[in-house]
Amino acid sequence: MQQLQEFSVALSVFCFGYPFVMSCYWMIGGVLFMLLRERHEPLPDAPPVLASYPMVSILLPCFNEEDQAAETFAALTEIEYPNWEVIAINDGSRDRTAEILDQLALRIPQLRVVHLAQNQGKSTALIVGALAARGEFLVGIDGDALLDRHALTWFVRRFLADNKLGALTGNPRIRNRATLLGRLQVGEFSSVVGLIKRAQSVYGTLFTVSGVICAFRKQALADAGWWSPAALTDDVEVTWRMQLAGWRVAFEPKALCWILMPETIKGLWRQRLRWAEGGMQSVLAATPVMIRRRSWHLLPVWGNFMVSVVWAYAMVLGLSLWVVSNLFPEFTGGGLGFSAWPQWWGTVLALTYLLQSLVSVAVDSRFEKGLARSMFWIIWYPLVFWLLQTGTAALGSPRALARKKSSRGTWISPDRGVR
Amino acid sequence: MIELRKIEWPPLLLGGNVPRWRQLLDVGLTLLAWGVLFWMMRYTLALAQDFLRPPHFEFSSMSPPNWLELAYRLSPFSRFIAALLLWLLFWALVRRRYLRATEPMTQPPPLSIAAQAADFGLSEETVAPWREARILVVHFGADGHPSHGDVRLRGSPP
């Protein structure tokens, strides 16, 4: 019984300590990135004149996008970059997407359309798009994403300034803010995703370039082996292989893209479960290569991911022990695990997270006016959202382990929020 | 014919179709959540209030918190955080040239069509017309790889 009590205390320390330490780490990393890079940079709406404007090909994989096409292409027609094309890849859509794209190809000079004869999945759509692309630089966006007019300039500027840079991840901003879940994700993308990417950029390795807004050098993709049709999260997978191939990846916060996110619990759960499963699948695939090639520079990102998965299981175990010890105190000899009701440590964690949100608003506010208003909703993140992340990480990892290697990634019709 | 409307930037969707009761419920629940947090922090808030009201910056009606105990509780984590701070500072120093780079530099040669096509078992002759196509249909072999393409429309739009 004594050992169980000691184990329970150690579990509580880990469950509190990991998010507390990481929160401080991300804040420090975010501020360092801002001081080193962002502080001296122009505003996103005022990009500098570049020495050259190489051809950029935007890859836009589409699967049943008839409802979103008008907005997505309307945004693309406003792009301010002199040398670009967009390749819309229709992956065997069952709605009117093919017809709409063919119509648009006759009206938008930069648009070229590729129809895949059969539905193949996003990775294959991207591969075919890259084959048809004329540019050495590829920008990937989702079929429902609105690309900012200056994003291409910001991406190209970074590639021109670093010839070892293989990929860039842009700065996704949430469009739909009709409900609590939508507003919560506005804060999450700044205070969690934005700060993590900044902190990871400081030491030079990223967990992923976000598929919803990313840019690649073709040669780097070729060295990485292109996108894998088997990957659940094609973006995570290709990011790891690119870094293993010796290319750098980085974050370009001024390359903005406005995206739709789920606004139902079911939609959010499905999305996060896919991310968790895909993340584990990609990291497991990358691990033996990392060891074989001695790519130890990836170890911090690898370790962070693995510890976060262990943390998810520790949370499940701690909460289970708490329930059992409350139901059957005579068997456990008193309270075990940690209380599901936030107490001293819980309050410290919540305050730390609120401080993290304040830091992120300070760092990110140059990209979006009125971002501070999202602080009102952020209270839900430490109370509820962590439980969602815990659940998806705990469930996604065994699913990734059990997934057959021959399985192909498939399109998920996403929940696109409330209009 | 699909209509391309001018986008209002930033293109936020603020939920014109969400019922008023749901918006009020969201606000009410969120206020309640803040209330729970403030209730959990009631002792800390009372301390802060005591410290800030006249006489300023001293505890007049409450005893000061046990800073030593607080430091003791957080000390294992503080050491981790200090180590990570040093780690980040080290990399920031080492990588500052890359992080600050803005001037253009010589670029590696672009990937050739032949090399890219070969990655998927295709020839340059097969893929080159794809790059001139406005509308293209790509077919796949039994192995799931692209096999050939039919160019439906070439060149610039009319």
# chains A, B, ... in the order shown; residues from 1 in each chain; ligands from 1

call {"tool": "residues_around", "arguments": {"residues": "region 174-189 of chain A", "least_positions_apart": "6", "cutoff": "6 Å", "atoms": "only C-alpha atoms", "output": "ChimeraX atom specification"}}
result
/A:258-260,263,374,377-378 /B:12-15,26

call {"tool": "closest_atom_pairs", "arguments": {"of": "chain A", "to": "chain B", "cutoff": "6 Å", "atoms": "only C-alpha atoms", "output": "JSON lines"}}
result
{"residue": "A:Val21", "atom": "CA", "partner": "B:Ile81", "partner_atom": "CA", "distance": 5.8}
{"residue": "A:Arg37", "atom": "CA", "partner": "B:Arg100", "partner_atom": "CA", "distance": 5.3}
{"residue": "A:Ala70", "atom": "CA", "partner": "B:Leu4", "partner_atom": "CA", "distance": 5.4}
{"residue": "A:Ala74", "atom": "CA", "partner": "B:Leu4", "partner_atom": "CA", "distance": 5.1}
{"residue": "A:Leu106", "atom": "CA", "partner": "B:Pro157", "partner_atom": "CA", "distance": 5.0}
{"residue": "A:Pro109", "atom": "CA", "partner": "B:Pro157", "partner_atom": "CA", "distance": 6.0}
{"residue": "A:Arg112", "atom": "CA", "partner": "B:Arg134", "partner_atom": "CA", "distance": 4.5}
{"residue": "A:Val113", "atom": "CA", "partner": "B:Ile135", "partner_atom": "CA", "distance": 4.8}
{"residue": "A:Val114", "atom": "CA", "partner": "B:Leu136", "partner_atom": "CA", "distance": 4.7}
{"residue": "A:His115", "atom": "CA", "partner": "B:Val137", "partner_atom": "CA", "distance": 4.6}
{"residue": "A:Leu116", "atom": "CA", "partner": "B:Val138", "partner_atom": "CA", "distance": 5.0}
{"residue": "A:Ala117", "atom": "CA", "partner": "B:His139", "partner_atom": "CA", "distance": 5.2}
{"residue": "A:Ala132", "atom": "CA", "partner": "B:Arg131", "partner_atom": "CA", "distance": 4.8}
{"residue": "A:Glu136", "atom": "CA", "partner": "B:Pro110", "partner_atom": "CA", "distance": 5.9}
{"residue": "A:Leu160", "atom": "CA", "partner": "B:Pro104", "partner_atom": "CA", "distance": 4.8}
{"residue": "A:Ala161", "atom": "CA", "partner": "B:Pro104", "partner_atom": "CA", "distance": 4.3}
{"residue": "A:Asn163", "atom": "CA", "partner": "B:Gln107", "partner_atom": "CA", "distance": 5.4}
{"residue": "A:Arg175", "atom": "CA", "partner": "B:Leu12", "partner_atom": "CA", "distance": 4.5}
{"residue": "A:Asn176", "atom": "CA", "partner": "B:Leu13", "partner_atom": "CA", "distance": 4.6}
{"residue": "A:Arg177", "atom": "CA", "partner": "B:Leu14", "partner_atom": "CA", "distance": 5.1}
{"residue": "A:Ala178", "atom": "CA", "partner": "B:Gly15", "partner_atom": "CA", "distance": 4.1}
{"residue": "A:Leu180", "atom": "CA", "partner": "B:Asp26", "partner_atom": "CA", "distance": 5.9}
{"residue": "A:Val202", "atom": "CA", "partner": "B:Ala92", "partner_atom": "CA", "distance": 5.6}
{"residue": "A:Tyr203", "atom": "CA", "partner": "B:Trp91", "partner_atom": "CA", "distance": 5.2}
{"residue": "A:Gln219", "atom": "CA", "partner": "B:Leu111", "partner_atom": "CA", "distance": 5.2}
{"residue": "A:Arg419", "atom": "CA", "partner": "B:Gly15", "partner_atom": "CA", "distance": 5.2}

call {"tool": "residues_around", "arguments": {"residues": "region 204-211 of chain A", "least_positions_apart": "2", "cutoff": "6 Å", "atoms": "only C-alpha atoms", "output": "number ranges by chain"}}
result
A: 169, 200-202, 213-214, 235-236, 239

call {"tool": "select_by_dssp", "arguments": {"residues": "region 153-251 of chain A", "states": "alpha helix (DSSP H)", "output": "ChimeraX atom specification"}}
result
/A:153-161,180-188,195-203,218-224,234-244

call {"tool": "residues_around", "arguments": {"residues": "Val310 (chain A)", "least_positions_apart": "5", "cutoff": "10 Å", "atoms": "only C-alpha atoms", "output": "list in words"}}
result
Phe14, Cys15, Asn304, Phe305, Met315, Val316, Thr390, Ala393 and Ala394 of chain A

call {"tool": "residues_around", "arguments": {"residues": "Phe20 (chain A)", "least_positions_apart": "3", "cutoff": "9 Å", "atoms": "only C-alpha atoms", "output": "VMD selection string"}}
result
(chain A and resid 15 to 17 23 to 25 348 to 349 352 to 353) or (chain B and resid 77)

call {"tool": "residues_around", "arguments": {"residues": "Val49 (chain A)", "least_positions_apart": "3", "cutoff": "12 Å", "atoms": "only C-alpha atoms", "output": "short mmCIF file (atom, residue, chain, number, x, y, z; two decimals) with N, CA and C atoms, in the first residue's frame"}}
result
data_model
loop_
_atom_site.label_atom_id
_atom_site.label_comp_id
_atom_site.auth_asym_id
_atom_site.auth_seq_id
_atom_site.Cartn_x
_atom_site.Cartn_y
_atom_site.Cartn_z
N PRO A 42 8.97 43.56 -41.17
CA PRO A 42 7.82 44.40 -41.55
C PRO A 42 6.51 43.71 -41.17
N ALA A 46 2.85 44.41 -45.46
CA ALA A 46 3.82 45.26 -46.16
C ALA A 46 5.11 44.49 -46.45
N SER A 52 14.22 38.61 -56.61
CA SER A 52 13.65 37.89 -57.76
C SER A 52 12.32 37.26 -57.32
N TYR A 53 11.53 36.94 -58.32
CA TYR A 53 10.22 36.33 -58.02
C TYR A 53 10.11 35.01 -58.79
N GLU A 80 -1.04 38.82 -54.47
CA GLU A 80 -0.13 39.84 -54.98
C GLU A 80 1.29 39.27 -55.05
N TYR A 81 1.53 38.55 -56.16
CA TYR A 81 2.84 37.96 -56.44
C TYR A 81 2.88 37.84 -57.97
N PRO A 82 3.97 38.24 -58.59
CA PRO A 82 3.91 38.35 -60.05
C PRO A 82 4.02 37.05 -60.84
N HIS A 150 -0.42 38.13 -49.52
CA HIS A 150 1.04 38.29 -49.48
C HIS A 150 1.79 37.02 -49.05
N THR A 153 4.83 35.82 -51.17
CA THR A 153 6.02 36.67 -51.06
C THR A 153 6.81 36.33 -49.79
N TRP A 154 6.09 36.15 -48.69
CA TRP A 154 6.79 35.85 -47.43
C TRP A 154 7.48 34.49 -47.49
N VAL A 156 8.57 32.89 -50.26
CA VAL A 156 9.70 32.92 -51.21
C VAL A 156 10.88 33.67 -50.60
N ARG A 157 10.59 34.75 -49.89
CA ARG A 157 11.67 35.52 -49.25
C ARG A 157 12.51 34.63 -48.34
N THR B 102 17.69 37.36 -44.12
CA THR B 102 16.71 37.95 -45.04
C THR B 102 17.33 38.21 -46.42
N GLU B 103 18.65 38.23 -46.49
CA GLU B 103 19.29 38.55 -47.77
C GLU B 103 19.31 37.31 -48.68
N PRO B 104 19.05 37.50 -49.99
CA PRO B 104 19.03 36.33 -50.89
C PRO B 104 20.42 35.72 -51.06
#
